[in-house]
>>> print(open('input_23.txt').read())   # compact mmCIF, C-alpha atoms
# COMPACT_ATOMS: atom_id res chain seq x y z
CA MET A 115 -0.23 172.58 170.16
CA ALA A 116 -3.78 173.68 170.93
CA GLY A 117 -6.12 173.75 167.96
CA ARG A 118 -3.89 171.49 165.87
CA PRO A 119 -5.04 167.89 165.32
CA GLY A 120 -2.50 165.22 166.20
CA PRO A 121 -1.19 162.73 163.66
CA GLY A 122 -3.62 160.09 164.91
CA ALA A 123 -6.75 162.24 164.61
CA GLY A 124 -8.04 160.56 161.46
CA ARG A 125 -7.57 157.12 162.95
CA ARG A 126 -9.38 158.14 166.15
CA GLU A 127 -12.38 159.30 164.13
CA GLU A 128 -12.30 156.03 162.21
CA ALA A 129 -12.27 154.07 165.44
CA ALA A 130 -15.11 156.15 166.86
CA ALA A 131 -17.14 155.23 163.82
CA GLY A 132 -16.92 151.59 164.72
CA GLY A 133 -13.41 150.50 163.78
CA ALA A 134 -11.53 148.33 166.27
CA ARG A 135 -8.49 149.59 168.09
CA ARG A 136 -6.18 147.89 170.53
CA PHE A 137 -5.32 150.76 172.89
CA PRO A 138 -7.34 153.76 174.14
CA LEU A 139 -5.98 156.96 172.61
CA GLU A 140 -7.66 159.63 174.75
CA CYS A 141 -4.87 159.46 177.31
CA CYS A 142 -2.27 160.36 174.69
CA GLU A 143 -3.40 163.92 173.91
CA GLY A 144 -0.62 165.27 176.09
CA LEU A 145 1.90 163.67 173.72
CA GLY A 146 0.45 165.17 170.59
CA GLY A 147 -2.16 162.51 169.98
CA LEU A 148 0.36 159.77 169.24
CA ASP A 149 -1.31 156.59 168.04
CA TYR A 150 0.41 153.87 170.03
CA SER A 151 -1.89 151.26 168.49
CA GLN A 152 0.34 151.47 165.41
CA VAL A 153 3.51 150.54 167.32
CA ASP A 154 4.69 147.02 166.63
CA VAL A 155 5.79 145.79 170.04
CA ALA A 156 6.27 142.18 168.94
CA ALA A 157 10.01 142.57 168.24
CA MET A 158 10.58 144.39 171.53
CA ALA A 159 8.59 141.83 173.48
CA ARG A 160 10.54 139.03 171.81
CA LEU A 161 13.84 140.69 172.69
CA PHE A 162 12.94 141.22 176.34
CA GLY A 163 11.59 137.69 176.49
CA TYR A 164 15.21 136.57 176.38
CA VAL A 165 16.24 138.70 179.37
CA ASP A 166 15.64 137.76 182.97
CA VAL A 167 16.04 141.09 184.75
CA THR A 168 15.63 139.38 188.13
CA ASP A 169 18.72 137.22 187.58
CA THR A 170 21.34 137.96 190.26
CA GLY A 171 24.14 138.32 187.71
CA PHE A 172 22.12 140.80 185.67
CA ILE A 173 21.30 142.88 188.74
CA VAL A 174 24.96 142.92 189.83
CA ALA A 175 25.96 144.06 186.33
CA VAL A 176 23.42 146.90 186.41
CA LEU A 177 24.63 148.01 189.84
CA SER A 178 28.27 147.97 188.73
CA ILE A 179 27.42 150.00 185.63
CA VAL A 180 25.51 152.62 187.61
CA PHE A 181 28.01 152.73 190.48
CA ASN A 182 31.12 153.59 188.46
CA PRO A 183 30.28 157.09 187.17
CA LEU A 184 28.52 157.87 190.45
CA PHE A 185 31.66 156.93 192.38
CA TRP A 186 34.15 158.96 190.39
CA ASN A 187 31.90 162.02 190.26
CA VAL A 188 31.33 161.99 194.02
CA VAL A 189 35.04 161.48 194.78
CA ALA A 190 36.19 164.09 192.26
CA ARG A 191 33.75 166.73 193.48
CA LEU A 192 34.68 166.05 197.08
CA GLU A 193 38.34 166.53 196.15
CA HIS A 194 37.59 169.74 194.28
CA LYS A 195 35.68 171.14 197.24
CA THR A 196 37.94 170.02 200.11
CA ARG A 197 41.30 168.86 198.61
CA VAL A 198 41.06 166.01 201.11
CA PHE A 199 42.63 163.37 198.86
CA SER A 200 45.50 165.65 197.83
CA ARG A 201 46.33 166.13 201.50
CA VAL A 202 46.04 162.40 202.26
CA PHE A 203 48.30 161.35 199.36
CA GLY A 204 50.66 164.27 199.67
CA SER A 205 50.01 165.81 196.25
CA ALA A 206 47.29 166.36 193.70
CA HIS A 207 49.08 164.20 191.13
CA ALA A 208 49.42 161.24 193.50
CA ALA A 209 45.73 161.50 194.46
CA CYS A 210 44.69 161.67 190.80
CA TYR A 211 46.82 158.66 189.90
CA CYS A 212 45.27 156.72 192.77
CA LEU A 213 41.74 157.62 191.64
CA GLY A 214 42.62 156.64 188.08
CA ALA A 215 43.87 153.25 189.26
CA VAL A 216 40.66 152.67 191.24
CA ILE A 217 38.53 153.67 188.24
CA LEU A 218 40.42 151.24 186.01
CA LEU A 219 39.91 148.47 188.55
CA LEU A 220 36.19 149.25 188.82
CA ASN A 221 35.91 149.21 185.03
CA CYS A 222 37.48 145.74 184.98
CA VAL A 223 34.94 144.59 187.57
CA ARG A 224 32.12 146.12 185.52
CA SER A 225 33.28 144.40 182.35
CA HIS A 226 33.53 141.08 184.18
CA CYS A 227 30.00 141.45 185.59
CA PHE A 228 28.72 142.48 182.16
CA THR A 229 30.25 139.41 180.52
CA GLU A 230 29.03 137.01 183.21
CA ALA A 231 25.50 138.43 182.93
CA MET A 232 25.54 137.76 179.18
CA LYS A 233 26.83 134.22 179.65
CA SER A 234 24.09 133.37 182.14
CA GLN A 235 21.28 134.32 179.74
CA PRO A 236 20.23 132.93 176.35
CA LYS A 237 21.39 134.11 172.96
CA LEU A 238 19.13 135.43 170.23
CA GLU A 239 19.22 132.64 167.64
CA GLY A 240 18.73 134.88 164.62
CA TRP A 241 21.79 136.93 165.59
CA ASP A 242 24.08 134.01 166.33
CA CYS A 243 25.81 134.19 162.95
CA HIS A 244 29.01 135.42 161.30
CA TRP A 245 27.45 138.66 160.04
CA THR A 246 26.39 139.77 163.53
CA TYR A 247 29.67 138.62 165.07
CA TYR A 248 31.86 140.58 162.67
CA SER A 249 29.59 143.61 162.93
CA GLY A 250 30.20 143.48 166.67
CA VAL A 251 33.96 143.19 166.09
CA ALA A 252 33.89 146.28 163.86
CA ILE A 253 31.85 148.32 166.37
CA SER A 254 34.13 147.30 169.23
CA ALA A 255 37.18 148.22 167.15
CA VAL A 256 35.80 151.70 166.49
CA GLY A 257 34.98 152.09 170.18
CA THR A 258 38.48 150.99 171.16
CA LEU A 259 39.95 153.51 168.71
CA PHE A 260 37.97 156.31 170.35
CA VAL A 261 38.93 155.24 173.87
CA ILE A 262 42.66 154.86 173.15
CA SER A 263 42.94 158.03 171.06
CA SER A 264 41.07 159.98 173.77
CA PHE A 265 43.52 158.73 176.39
CA LEU A 266 46.51 159.66 174.24
CA ALA A 267 45.10 163.13 173.59
CA LEU A 268 44.24 163.85 177.23
CA GLY A 269 46.95 161.99 179.08
CA PHE A 270 46.41 160.12 182.34
CA THR A 271 45.44 163.11 184.51
CA GLY A 272 43.30 164.62 181.77
CA THR A 273 41.44 161.35 181.37
CA PHE A 274 40.95 160.67 185.06
CA LEU A 275 39.48 163.98 186.23
CA GLY A 276 42.74 165.77 186.88
CA ASP A 277 41.03 169.14 186.51
CA TYR A 278 39.04 168.37 189.69
CA PHE A 279 42.41 168.01 191.44
CA GLY A 280 43.63 171.36 190.15
CA ILE A 281 45.69 169.76 187.36
CA LEU A 282 44.40 171.85 184.49
CA MET A 283 45.24 171.59 180.81
CA GLU A 284 46.61 174.63 179.01
CA ALA A 285 43.96 174.55 176.30
CA LYS A 286 40.95 172.56 175.22
CA VAL A 287 41.82 169.45 173.22
CA THR A 288 40.44 169.73 169.69
CA SER A 289 42.43 167.02 167.91
CA PHE A 290 41.06 163.58 167.00
CA PRO A 291 38.76 162.16 168.30
CA PHE A 292 37.44 165.35 169.90
CA ASN A 293 37.02 166.92 166.47
CA VAL A 294 34.66 164.06 165.58
CA LEU A 295 32.36 163.96 168.61
CA ASP A 296 32.09 165.17 172.19
CA ASN A 297 32.96 162.79 175.03
CA PRO A 298 34.59 160.18 172.75
CA MET A 299 35.84 158.22 175.79
CA TYR A 300 32.29 157.59 177.00
CA TRP A 301 30.81 156.86 173.59
CA GLY A 302 33.78 154.68 172.67
CA SER A 303 33.29 152.64 175.83
CA THR A 304 29.58 152.30 175.05
CA ALA A 305 30.42 151.13 171.53
CA ILE A 306 32.75 148.47 172.93
CA TYR A 307 29.94 147.05 175.07
CA LEU A 308 27.54 147.20 172.13
CA GLY A 309 29.98 145.32 169.92
CA TRP A 310 30.66 142.80 172.69
CA SER A 311 26.90 142.19 173.01
CA LEU A 312 26.51 141.63 169.27
CA MET A 313 29.46 139.25 169.21
CA HIS A 314 27.65 137.19 171.85
CA ALA A 315 24.21 137.64 170.20
CA SER A 316 23.05 138.67 173.68
CA PRO A 317 19.78 140.51 174.32
CA ALA A 318 20.88 140.88 177.95
CA GLY A 319 24.06 142.54 176.73
CA LEU A 320 22.10 144.97 174.57
CA LEU A 321 19.92 145.93 177.52
CA LEU A 322 23.00 146.40 179.71
CA THR A 323 24.60 148.50 176.96
CA ALA A 324 21.54 150.76 177.11
CA VAL A 325 22.13 151.10 180.86
CA VAL A 326 25.76 152.04 180.14
CA ALA A 327 24.66 154.71 177.65
CA ILE A 328 22.09 156.15 180.07
CA SER A 329 24.60 156.19 182.95
CA TYR A 330 27.19 157.98 180.83
CA THR A 331 24.61 160.46 179.52
CA ILE A 332 23.64 161.40 183.07
CA ALA A 333 27.33 161.67 184.02
CA MET A 334 27.96 163.99 181.07
CA LEU A 335 25.08 166.24 182.11
CA TYR A 336 26.76 166.72 185.50
CA GLU A 337 30.41 166.72 184.44
CA GLY A 338 30.20 169.04 181.43
CA PRO A 339 28.94 172.23 183.13
CA PHE A 340 31.06 171.57 186.25
CA THR A 341 34.26 171.18 184.24
CA GLU A 342 33.47 174.29 182.20
CA GLU A 343 33.05 176.22 185.43
CA ILE A 344 36.46 175.03 186.67
CA TYR A 345 38.15 176.42 183.54
CA ARG A 346 36.05 179.57 183.68
CA GLN A 347 37.37 180.20 187.17
CA LYS A 348 40.90 179.54 185.90
CA GLN A 349 40.52 182.13 183.15
CA LYS A 350 38.97 184.59 185.59
CA GLY A 351 41.89 184.13 187.99
CA ALA A 352 44.43 184.61 185.19
CA LYS A 353 42.80 187.88 184.14
CA ASN A 354 42.83 189.20 187.72
CA LYS A 355 46.59 188.70 188.07
>>> encode(input="input_23.txt", output="structure tokens")
Amino acid sequence: MAGRPGPGAGRREEAAAGGARRFPLECCEGLGGLDYSQVDVAAMARLFGYVDVTDTGFIVAVLSIVFNPLFWNVVARLEHKTRVFSRVFGSAHAACYCLGAVILLLNCVRSHCFTEAMKSQPKLEGWDCHWTYYSGVAISAVGTLFVISSFLALGFTGTFLGDYFGILMEAKVTSFPFNVLDNPMYWGSTAIYLGWSLMHASPAGLLLTAVVAISYTIAMLYEGPFTEEIYRQKQKGAKNK
């Protein structure tokens, strides 16, 4: 805010008086005067020092991670707009089952690429221990619980974008795990990859897990409002009858 000194103001005055500083701070006024000279980047630099982002396997893993939610959103929206896949397969249910099968196959490919990318890059020695391994097992178990319970609560068509095919649920699911967090399928899947990365003490896996989380977050930003609009139209149509 204008007229309010940022948290690094005192340190800037100190530096102006002759104290040494590692980074210029004038450029940071737009971010509230944040003093980036106080950020310890050693741990981050050490972590990324283990990851070769130019490795072919790593690049393929990133592409597979980004492609999956892009694919199913494009296909589902095309179906919702044109009903082209329902016509091709003869029914909305058959088209939805086919899309679900393709998504499962793509997820298997993604997991394979993720694992191969981890195997091709070094481990973080300090994390290659029983404590980290079992922490990863626990996180993966929680993620698996969220994924499986989400599937059981939604069913196959509910899980695999059936609402885009006109296969709408009678009411919003509020049972576990949806009473714990929103989008438990996505966050559960992210937790599985995080746990898998810890079990392998893999910095590359952690970076790929971040890509998974970002990809799902973007997907949720697009899917959430669109799905809400589908059910809003359903309610509007029911009232007009």
>>> closest_residue(input="input_23.txt", among="A:Leu295, A:Ile217, A:Cys243, A:Ala175", to="Ala190 of chain A", atoms="all atoms listed in the file")
A:Ile217
>>> atom_distance(input="input_23.txt", atom1="atom CA of Asp277 of chain A", atom2="atom CA of Arg346 of chain A")
11.9 Å
>>> residues_around(input="input_23.txt", residues="Tyr247 of chain A", least_positions_apart="2", cutoff="10 Å", atoms="all atoms listed in the file", output="ChimeraX atom specification")
/A:241-245,249-252,309-315
>>> residues_around(input="input_23.txt", residues="segment 235-238 of chain A", least_positions_apart="2", cutoff="8 Å", atoms="only C-alpha atoms", output="ChimeraX atom specification")
/A:161,164-166,231-233,240-242,314-318
>>> residues_around(input="input_23.txt", residues="Tyr330 of chain A", least_positions_apart="6", cutoff="9 Å", atoms="all atoms listed in the file", output="NGL selection string")
:A and (180 or 183 or 300-301 or 304)
>>> residues_around(input="input_23.txt", residues="Met334 of chain A", least_positions_apart="3", cutoff="12 Å", atoms="only C-alpha atoms", output="list in words")
Pro183, Leu184, Asn187, Asp296, Asn297, Pro298, Met299, Tyr300, Trp301, Ala327, Ile328, Ser329, Tyr330, Thr331, Glu337, Gly338, Pro339, Phe340, Thr341 and Glu342 of chain A
>>> residues_around(input="input_23.txt", residues="Leu275 of chain A", least_positions_apart="4", cutoff="10 Å", atoms="only C-alpha atoms", output="MDAnalysis selection string")
chainID A and resid 186:187 189:191 210:211 213:214 270:271 279:282 337 341
>>> atom_distance(input="input_23.txt", atom1="atom CA of Asn293 of chain A", atom2="atom CA of Phe265 of chain A")
14.4 Å
>>> atom_distance(input="input_23.txt", atom1="atom CA of Leu321 of chain A", atom2="atom CA of Asn182 of chain A")
17.4 Å
>>> closest_residue(input="input_23.txt", among="A:Cys222, A:Ile173, A:Ala333, A:Ile253", to="Tyr307 of chain A", atoms="only C-alpha atoms")
A:Ile253
